[in-house]
>>> print(open('model_1.cif').read())   # mmCIF, C-alpha atoms, pLDDT in the B column; chains and numbers go by the auth columns
data_structure
loop_
_atom_site.group_PDB
_atom_site.id
_atom_site.type_symbol
_atom_site.label_atom_id
_atom_site.label_comp_id
_atom_site.label_asym_id
_atom_site.label_seq_id
_atom_site.Cartn_x
_atom_site.Cartn_y
_atom_site.Cartn_z
_atom_site.B_iso_or_equiv
_atom_site.auth_seq_id
_atom_site.auth_asym_id
ATOM 1 C CA MET A 1 0.000 0.000 0.000 51.00 1 A
ATOM 2 C CA ALA A 2 1.484 3.297 -1.064 65.00 2 A
ATOM 3 C CA HIS A 3 1.817 6.107 1.442 86.00 3 A
ATOM 4 C CA PHE A 4 0.341 9.405 0.302 96.00 4 A
ATOM 5 C CA THR A 5 0.994 12.888 1.638 97.00 5 A
ATOM 6 C CA ILE A 6 -1.594 15.658 1.499 98.00 6 A
ATOM 7 C CA LYS A 7 -0.308 19.211 1.042 98.00 7 A
ATOM 8 C CA TYR A 8 -1.754 22.601 0.273 98.00 8 A
ATOM 9 C CA LEU A 9 -1.090 23.766 -3.270 98.00 9 A
ATOM 10 C CA HIS A 10 0.489 26.922 -1.814 97.00 10 A
ATOM 11 C CA GLU A 11 3.072 24.647 -0.139 97.00 11 A
ATOM 12 C CA ALA A 12 3.922 23.033 -3.491 97.00 12 A
ATOM 13 C CA PRO A 13 3.273 25.750 -6.092 97.00 13 A
ATOM 14 C CA HIS A 14 5.489 23.957 -8.636 97.00 14 A
ATOM 15 C CA HIS A 15 2.539 21.558 -9.106 98.00 15 A
ATOM 16 C CA PHE A 16 0.150 24.388 -10.071 97.00 16 A
ATOM 17 C CA ASP A 17 0.212 23.722 -13.820 96.00 17 A
ATOM 18 C CA ILE A 18 -0.462 19.995 -13.531 97.00 18 A
ATOM 19 C CA VAL A 19 -3.407 20.531 -11.150 97.00 19 A
ATOM 20 C CA ALA A 20 -4.855 23.218 -13.447 95.00 20 A
ATOM 21 C CA ASP A 21 -4.423 20.852 -16.393 95.00 21 A
ATOM 22 C CA TRP A 22 -6.298 18.020 -14.614 95.00 22 A
ATOM 23 C CA ILE A 23 -9.219 20.302 -13.790 93.00 23 A
ATOM 24 C CA TYR A 24 -9.287 21.769 -17.277 93.00 24 A
ATOM 25 C CA ARG A 25 -9.189 18.422 -19.071 91.00 25 A
ATOM 26 C CA GLN A 26 -11.712 16.786 -16.735 91.00 26 A
ATOM 27 C CA TRP A 27 -14.357 19.536 -16.584 86.00 27 A
ATOM 28 C CA TRP A 28 -13.620 22.634 -18.656 85.00 28 A
ATOM 29 C CA GLN A 29 -12.112 21.596 -21.984 82.00 29 A
ATOM 30 C CA LYS A 30 -14.256 23.008 -24.761 84.00 30 A
ATOM 31 C CA PRO A 31 -13.537 24.221 -28.287 86.00 31 A
ATOM 32 C CA GLY A 32 -12.190 27.738 -28.072 85.00 32 A
ATOM 33 C CA SER A 33 -11.263 27.615 -24.382 85.00 33 A
ATOM 34 C CA THR A 34 -7.817 27.160 -22.879 88.00 34 A
ATOM 35 C CA ALA A 35 -6.486 26.056 -19.519 89.00 35 A
ATOM 36 C CA GLU A 36 -6.435 29.755 -18.568 90.00 36 A
ATOM 37 C CA VAL A 37 -10.154 29.446 -17.677 87.00 37 A
ATOM 38 C CA VAL A 38 -8.961 27.280 -14.781 91.00 38 A
ATOM 39 C CA LYS A 39 -5.606 28.925 -14.078 94.00 39 A
ATOM 40 C CA ALA A 40 -6.955 32.432 -13.512 91.00 40 A
ATOM 41 C CA PRO A 41 -9.224 31.524 -10.551 92.00 41 A
ATOM 42 C CA LEU A 42 -6.842 28.787 -9.355 95.00 42 A
ATOM 43 C CA ARG A 43 -4.058 31.347 -8.812 95.00 43 A
ATOM 44 C CA GLU A 44 -6.016 32.550 -5.776 96.00 44 A
ATOM 45 C CA HIS A 45 -5.336 29.122 -4.256 95.00 45 A
ATOM 46 C CA LEU A 46 -1.594 29.857 -4.106 97.00 46 A
ATOM 47 C CA GLN A 47 -2.022 31.837 -0.877 95.00 47 A
ATOM 48 C CA ALA A 48 -2.322 30.462 2.641 95.00 48 A
ATOM 49 C CA GLN A 49 -5.928 31.314 3.518 95.00 49 A
ATOM 50 C CA PRO A 50 -9.150 29.679 4.704 95.00 50 A
ATOM 51 C CA LEU A 51 -10.858 29.904 1.298 95.00 51 A
ATOM 52 C CA PRO A 52 -10.300 29.150 -1.544 96.00 52 A
ATOM 53 C CA ILE A 53 -7.726 26.408 -1.186 97.00 53 A
ATOM 54 C CA THR A 54 -6.523 23.363 -3.094 97.00 54 A
ATOM 55 C CA LEU A 55 -5.175 20.213 -1.489 98.00 55 A
ATOM 56 C CA ILE A 56 -2.944 17.878 -3.477 98.00 56 A
ATOM 57 C CA ALA A 57 -2.083 14.242 -2.842 98.00 57 A
ATOM 58 C CA LEU A 58 1.518 13.231 -3.401 98.00 58 A
ATOM 59 C CA ASP A 59 3.073 9.824 -3.908 97.00 59 A
ATOM 60 C CA SER A 60 6.603 10.756 -2.822 94.00 60 A
ATOM 61 C CA GLU A 61 6.884 13.977 -4.838 92.00 61 A
ATOM 62 C CA LYS A 62 4.541 12.980 -7.669 97.00 62 A
ATOM 63 C CA PRO A 63 1.139 14.689 -7.627 98.00 63 A
ATOM 64 C CA VAL A 64 -1.575 12.044 -7.955 98.00 64 A
ATOM 65 C CA GLY A 65 -4.764 13.896 -7.001 98.00 65 A
ATOM 66 C CA ALA A 66 -6.305 17.179 -5.931 98.00 66 A
ATOM 67 C CA VAL A 67 -9.459 18.716 -4.480 98.00 67 A
ATOM 68 C CA LEU A 68 -10.663 22.309 -4.105 97.00 68 A
ATOM 69 C CA LEU A 69 -12.537 24.226 -1.427 97.00 69 A
ATOM 70 C CA ILE A 70 -14.351 27.130 -3.062 96.00 70 A
ATOM 71 C CA GLU A 71 -16.999 29.625 -1.996 94.00 71 A
ATOM 72 C CA SER A 72 -19.431 28.850 -4.803 89.00 72 A
ATOM 73 C CA ASP A 73 -19.677 26.023 -7.318 87.00 73 A
ATOM 74 C CA GLY A 74 -21.883 28.057 -9.624 84.00 74 A
ATOM 75 C CA VAL A 75 -25.155 26.402 -8.616 84.00 75 A
ATOM 76 C CA ASP A 76 -27.371 29.385 -9.359 84.00 76 A
ATOM 77 C CA ALA A 77 -30.437 27.743 -7.831 83.00 77 A
ATOM 78 C CA LEU A 78 -28.715 27.576 -4.431 87.00 78 A
ATOM 79 C CA PRO A 79 -26.736 30.809 -3.983 86.00 79 A
ATOM 80 C CA ASP A 80 -26.779 30.712 -0.164 89.00 80 A
ATOM 81 C CA LEU A 81 -24.945 27.417 0.220 93.00 81 A
ATOM 82 C CA LYS A 82 -21.221 27.623 0.928 94.00 82 A
ATOM 83 C CA PRO A 83 -18.456 26.545 0.874 97.00 83 A
ATOM 84 C CA TRP A 84 -18.155 23.763 -1.703 96.00 84 A
ATOM 85 C CA LEU A 85 -15.854 20.799 -2.152 97.00 85 A
ATOM 86 C CA ALA A 86 -15.101 20.789 -5.877 95.00 86 A
ATOM 87 C CA ALA A 87 -13.008 19.207 -8.598 94.00 87 A
ATOM 88 C CA LEU A 88 -11.948 16.055 -6.759 96.00 88 A
ATOM 89 C CA TYR A 89 -9.562 14.374 -9.177 96.00 89 A
ATOM 90 C CA VAL A 90 -7.318 11.328 -8.826 97.00 90 A
ATOM 91 C CA LEU A 91 -5.057 10.023 -11.592 97.00 91 A
ATOM 92 C CA PRO A 92 -6.724 6.934 -13.111 97.00 92 A
ATOM 93 C CA GLU A 93 -3.879 4.604 -12.113 97.00 93 A
ATOM 94 C CA TYR A 94 -4.209 5.707 -8.460 97.00 94 A
ATOM 95 C CA ARG A 95 -7.969 5.265 -8.140 96.00 95 A
ATOM 96 C CA GLY A 96 -9.217 2.718 -5.623 95.00 96 A
ATOM 97 C CA GLN A 97 -6.206 3.245 -3.333 96.00 97 A
ATOM 98 C CA GLY A 98 -7.790 5.679 -0.857 96.00 98 A
ATOM 99 C CA VAL A 99 -6.389 8.878 -2.394 98.00 99 A
ATOM 100 C CA GLY A 100 -9.814 10.438 -2.930 97.00 100 A
ATOM 101 C CA LYS A 101 -10.863 9.603 0.615 97.00 101 A
ATOM 102 C CA LEU A 102 -7.691 11.206 2.038 97.00 102 A
ATOM 103 C CA LEU A 103 -8.268 14.348 -0.027 98.00 103 A
ATOM 104 C CA VAL A 104 -11.932 14.646 1.017 98.00 104 A
ATOM 105 C CA GLN A 105 -11.100 14.105 4.693 97.00 105 A
ATOM 106 C CA GLY A 106 -8.249 16.614 4.539 98.00 106 A
ATOM 107 C CA LEU A 107 -10.548 19.188 2.972 98.00 107 A
ATOM 108 C CA GLU A 108 -13.262 18.553 5.570 97.00 108 A
ATOM 109 C CA GLN A 109 -10.704 19.066 8.340 97.00 109 A
ATOM 110 C CA HIS A 110 -9.450 22.303 6.780 97.00 110 A
ATOM 111 C CA ALA A 111 -13.008 23.633 6.323 97.00 111 A
ATOM 112 C CA TYR A 112 -13.944 22.802 9.911 96.00 112 A
ATOM 113 C CA GLN A 113 -10.791 24.429 11.312 96.00 113 A
ATOM 114 C CA ALA A 114 -11.524 27.484 9.141 96.00 114 A
ATOM 115 C CA GLY A 115 -14.845 27.829 10.965 95.00 115 A
ATOM 116 C CA PHE A 116 -17.281 26.319 8.474 96.00 116 A
ATOM 117 C CA GLN A 117 -20.067 24.138 9.891 95.00 117 A
ATOM 118 C CA ASP A 118 -21.371 22.864 6.573 96.00 118 A
ATOM 119 C CA LEU A 119 -19.840 21.719 3.323 97.00 119 A
ATOM 120 C CA TYR A 120 -21.547 21.049 0.000 97.00 120 A
ATOM 121 C CA LEU A 121 -20.662 19.362 -3.272 96.00 121 A
ATOM 122 C CA VAL A 122 -22.108 18.606 -6.666 92.00 122 A
ATOM 123 C CA ALA A 123 -22.128 14.871 -7.355 90.00 123 A
ATOM 124 C CA THR A 124 -22.824 13.771 -10.878 77.00 124 A
ATOM 125 C CA ASP A 125 -22.080 10.081 -10.418 79.00 125 A
ATOM 126 C CA ARG A 126 -20.035 9.283 -7.305 86.00 126 A
ATOM 127 C CA VAL A 127 -22.880 9.612 -4.782 91.00 127 A
ATOM 128 C CA SER A 128 -22.075 6.280 -3.076 93.00 128 A
ATOM 129 C CA PHE A 129 -18.392 7.257 -2.639 95.00 129 A
ATOM 130 C CA TYR A 130 -19.353 10.404 -0.716 96.00 130 A
ATOM 131 C CA TYR A 131 -22.176 8.617 1.119 95.00 131 A
ATOM 132 C CA GLU A 132 -19.610 6.181 2.558 95.00 132 A
ATOM 133 C CA LEU A 133 -17.663 9.210 3.835 96.00 133 A
ATOM 134 C CA GLY A 134 -20.659 10.509 5.775 96.00 134 A
ATOM 135 C CA TRP A 135 -22.132 12.879 3.183 97.00 135 A
ATOM 136 C CA ARG A 136 -25.885 12.974 2.630 96.00 136 A
ATOM 137 C CA VAL A 137 -28.071 14.056 -0.271 95.00 137 A
ATOM 138 C CA HIS A 138 -29.195 17.656 0.232 95.00 138 A
ATOM 139 C CA THR A 139 -31.307 17.994 -2.905 93.00 139 A
ATOM 140 C CA LYS A 140 -31.474 16.876 -6.504 90.00 140 A
ATOM 141 C CA LEU A 141 -31.642 19.412 -9.302 85.00 141 A
ATOM 142 C CA VAL A 142 -33.242 18.278 -12.502 79.00 142 A
ATOM 143 C CA GLY A 143 -32.607 19.835 -15.846 74.00 143 A
ATOM 144 C CA GLU A 144 -30.409 19.128 -18.828 71.00 144 A
ATOM 145 C CA THR A 145 -27.889 17.548 -16.493 69.00 145 A
ATOM 146 C CA GLY A 146 -29.474 16.105 -13.388 77.00 146 A
ATOM 147 C CA ILE A 147 -27.152 16.709 -10.468 85.00 147 A
ATOM 148 C CA THR A 148 -27.206 15.727 -6.847 92.00 148 A
ATOM 149 C CA ILE A 149 -26.207 18.292 -4.234 94.00 149 A
ATOM 150 C CA MET A 150 -24.638 16.605 -1.214 96.00 150 A
ATOM 151 C CA HIS A 151 -24.071 18.071 2.236 97.00 151 A
ATOM 152 C CA LYS A 152 -21.980 17.260 5.269 97.00 152 A
ATOM 153 C CA ASN A 153 -22.418 18.837 8.677 96.00 153 A
ATOM 154 C CA LEU A 154 -18.817 19.171 9.840 95.00 154 A
ATOM 155 C CA ALA A 155 -19.730 19.996 13.427 87.00 155 A
ATOM 156 C CA ILE A 156 -21.568 16.688 13.851 80.00 156 A
ATOM 157 C CA ALA A 157 -18.800 14.792 12.090 66.00 157 A
ATOM 158 C CA SER A 158 -16.132 16.295 14.365 65.00 158 A
ATOM 159 C CA ASP A 159 -18.052 15.381 17.528 64.00 159 A
ATOM 160 C CA LYS A 160 -17.304 11.710 16.936 53.00 160 A
ATOM 161 C CA PRO A 161 -14.525 10.440 19.175 52.00 161 A
ATOM 162 C CA ALA A 162 -11.245 10.008 17.354 49.00 162 A
ATOM 163 C CA ARG A 163 -10.183 6.434 16.714 45.00 163 A
#
>>> encode(input="model_1.cif", output="structure tokens")
Amino acid sequence: MAHFTIKYLHEAPHHFDIVADWIYRQWWQKPGSTAEVVKAPLREHLQAQPLPITLIALDSEKPVGAVLLIESDGVDALPDLKPWLAALYVLPEYRGQGVGKLLVQGLEQHAYQAGFQDLYLVATDRVSFYYELGWRVHTKLVGETGITIMHKNLAIASDKPAR
């Protein structure tokens, strides 16, 4: 079993371009757009701050996954919900090894320590993955792309005794 380290992107800024590239290729790549659509907002994540932040998973020094904490995930129907876990990505060859779980748990811990009680995310397909990590369905939005909004109450989660 590999041992993974979780770091803030601002602690390893040399990985900025690869993380931006993952996010761009996974969610934003469209004719006429460039990775700059991701890089511009992601540059804010290069500062030590409560929000927005990016966590990266490293296998030794190789980046193998990332996740973002952002104020809004652009869900216009639900403007009052914040903050959001977004853009969880793990390299295909590292999936199923617990990297995603480590990233989600690290982000939850950061959000809670930053003073947030609640965390939200948009799940298109991985509902069961988040459900196993204690997330619950908040609402489903129907439309061209049906999405599930999931929620986790961090205060309740942190009240559990540590193992």
>>> resolve_selection(input="model_1.cif", expression="the PyMOL selection byres ((chain A and resi 52) around 9)", output="short mmCIF file (atom, residue, chain, number, x, y, z; two decimals) with C-alpha atoms, in the coordinates of the input")
data_model
loop_
_atom_site.label_atom_id
_atom_site.label_comp_id
_atom_site.auth_asym_id
_atom_site.auth_seq_id
_atom_site.Cartn_x
_atom_site.Cartn_y
_atom_site.Cartn_z
CA LEU A 42 -6.84 28.79 -9.36
CA GLU A 44 -6.02 32.55 -5.78
CA HIS A 45 -5.34 29.12 -4.26
CA GLN A 47 -2.02 31.84 -0.88
CA GLN A 49 -5.93 31.31 3.52
CA PRO A 50 -9.15 29.68 4.70
CA LEU A 51 -10.86 29.90 1.30
CA ILE A 53 -7.73 26.41 -1.19
CA THR A 54 -6.52 23.36 -3.09
CA LEU A 68 -10.66 22.31 -4.11
CA LEU A 69 -12.54 24.23 -1.43
CA ILE A 70 -14.35 27.13 -3.06
CA GLU A 71 -17.00 29.62 -2.00
CA PRO A 83 -18.46 26.54 0.87
#
>>> resolve_selection(input="model_1.cif", expression="the PyMOL selection byres ((chain A and resi 133) around 10)", output="ChimeraX atom specification")
/A:101,104-105,128-132,134-136,152
>>> residues_near_point(input="model_1.cif", point="(5.9, 10.0, -9.9)", cutoff="12 Å", atoms="only C-alpha atoms", output="list in words")
Ala2, Phe4, Ala57, Leu58, Asp59, Ser60, Glu61, Lys62, Pro63, Val64, Gly65, Leu91, Glu93 and Tyr94 of chain A
>>> resolve_selection(input="model_1.cif", expression="the PyMOL selection byres ((chain A and resi 153) around 6)", output="list in words")
Gln117, Asp118, Lys152, Leu154, Ala155 and Ile156 of chain A
>>> atom_distance(input="model_1.cif", atom1="atom CA of A:Ala123", atom2="atom CA of A:Thr148")
5.2 Å
>>> axis_aligned_box(input="model_1.cif", around="stretch 40-43 of chain A", padding_each_side="4 Å", output="AutoDock Vina command-line options")
--center_x -6.6 --center_y 30.6 --center_z -11.2 --size_x 13.2 --size_y 11.6 --size_z 12.7
>>> residues_around(input="model_1.cif", residues="stretch 13-16 of chain A", least_positions_apart="3", cutoff="8 Å", atoms="only C-alpha atoms", output="list in words")
Leu9, His10, Val19, Ala20, Leu46 and Pro63 of chain A
>>> write_last_selection(input="model_1.cif", atoms="C-alpha atoms", output="CSV table (one decimal), keeping the file's coordinate frame")
chain,number,residue,atom,x,y,z
A,9,LEU,CA,-1.1,23.8,-3.3
A,10,HIS,CA,0.5,26.9,-1.8
A,19,VAL,CA,-3.4,20.5,-11.2
A,20,ALA,CA,-4.9,23.2,-13.4
A,46,LEU,CA,-1.6,29.9,-4.1
A,63,PRO,CA,1.1,14.7,-7.6
>>> atom_distance(input="model_1.cif", atom1="atom CA of A:Thr34", atom2="atom CA of A:Val90")
21.2 Å
>>> closest_residue(input="model_1.cif", among="A:Ala77, A:Ala35, A:Ala111, A:Val122", to="A:Asp17", atoms="all atoms listed in the file")
A:Ala35
>>> atom_distance(input="model_1.cif", atom1="atom CA of A:Ile18", atom2="atom CA of A:Val38")
11.3 Å
>>> closest_residue(input="model_1.cif", among="A:Ile56, A:Gln97, A:Pro31, A:His138", to="A:Glu11", atoms="all atoms listed in the file")
A:Ile56
>>> build_atoms(input="model_1.cif", residues="stretch 98-116 of chain A", atoms="N, CA and C atoms", output="CSV table (one decimal), keeping the file's coordinate frame")
chain,number,residue,atom,x,y,z
A,98,GLY,N,-7.5,4.8,-2.0
A,98,GLY,CA,-7.8,5.7,-0.9
A,98,GLY,C,-7.3,7.1,-1.0
A,99,VAL,N,-6.9,7.5,-2.2
A,99,VAL,CA,-6.4,8.9,-2.4
A,99,VAL,C,-7.5,9.9,-2.3
A,100,GLY,N,-8.7,9.6,-3.0
A,100,GLY,CA,-9.8,10.4,-2.9
A,100,GLY,C,-10.3,10.6,-1.5
A,101,LYS,N,-10.4,9.5,-0.8
A,101,LYS,CA,-10.9,9.6,0.6
A,101,LYS,C,-10.0,10.5,1.5
A,102,LEU,N,-8.6,10.4,1.3
A,102,LEU,CA,-7.7,11.2,2.0
A,102,LEU,C,-7.9,12.7,1.7
A,103,LEU,N,-8.1,13.0,0.4
A,103,LEU,CA,-8.3,14.3,0.0
A,103,LEU,C,-9.6,14.9,0.6
A,104,VAL,N,-10.7,14.2,0.5
A,104,VAL,CA,-11.9,14.6,1.0
A,104,VAL,C,-11.8,14.9,2.5
A,105,GLN,N,-11.2,13.9,3.2
A,105,GLN,CA,-11.1,14.1,4.7
A,105,GLN,C,-10.2,15.3,5.1
A,106,GLY,N,-9.1,15.5,4.3
A,106,GLY,CA,-8.2,16.6,4.5
A,106,GLY,C,-9.0,17.9,4.3
A,107,LEU,N,-9.8,18.0,3.3
A,107,LEU,CA,-10.5,19.2,3.0
A,107,LEU,C,-11.6,19.4,4.0
A,108,GLU,N,-12.3,18.4,4.5
A,108,GLU,CA,-13.3,18.6,5.6
A,108,GLU,C,-12.6,19.1,6.8
A,109,GLN,N,-11.4,18.6,7.2
A,109,GLN,CA,-10.7,19.1,8.3
A,109,GLN,C,-10.3,20.5,8.2
A,110,HIS,N,-9.8,20.9,7.0
A,110,HIS,CA,-9.4,22.3,6.8
A,110,HIS,C,-10.7,23.2,6.9
A,111,ALA,N,-11.8,22.8,6.3
A,111,ALA,CA,-13.0,23.6,6.3
A,111,ALA,C,-13.5,23.8,7.8
A,112,TYR,N,-13.5,22.7,8.5
A,112,TYR,CA,-13.9,22.8,9.9
A,112,TYR,C,-13.0,23.7,10.7
A,113,GLN,N,-11.7,23.6,10.6
A,113,GLN,CA,-10.8,24.4,11.3
A,113,GLN,C,-10.9,25.9,10.9
A,114,ALA,N,-11.4,26.1,9.6
A,114,ALA,CA,-11.5,27.5,9.1
A,114,ALA,C,-12.8,28.1,9.6
A,115,GLY,N,-13.6,27.3,10.4
A,115,GLY,CA,-14.8,27.8,11.0
A,115,GLY,C,-16.1,27.5,10.2
A,116,PHE,N,-16.1,26.7,9.2
A,116,PHE,CA,-17.3,26.3,8.5
A,116,PHE,C,-18.0,25.1,9.1
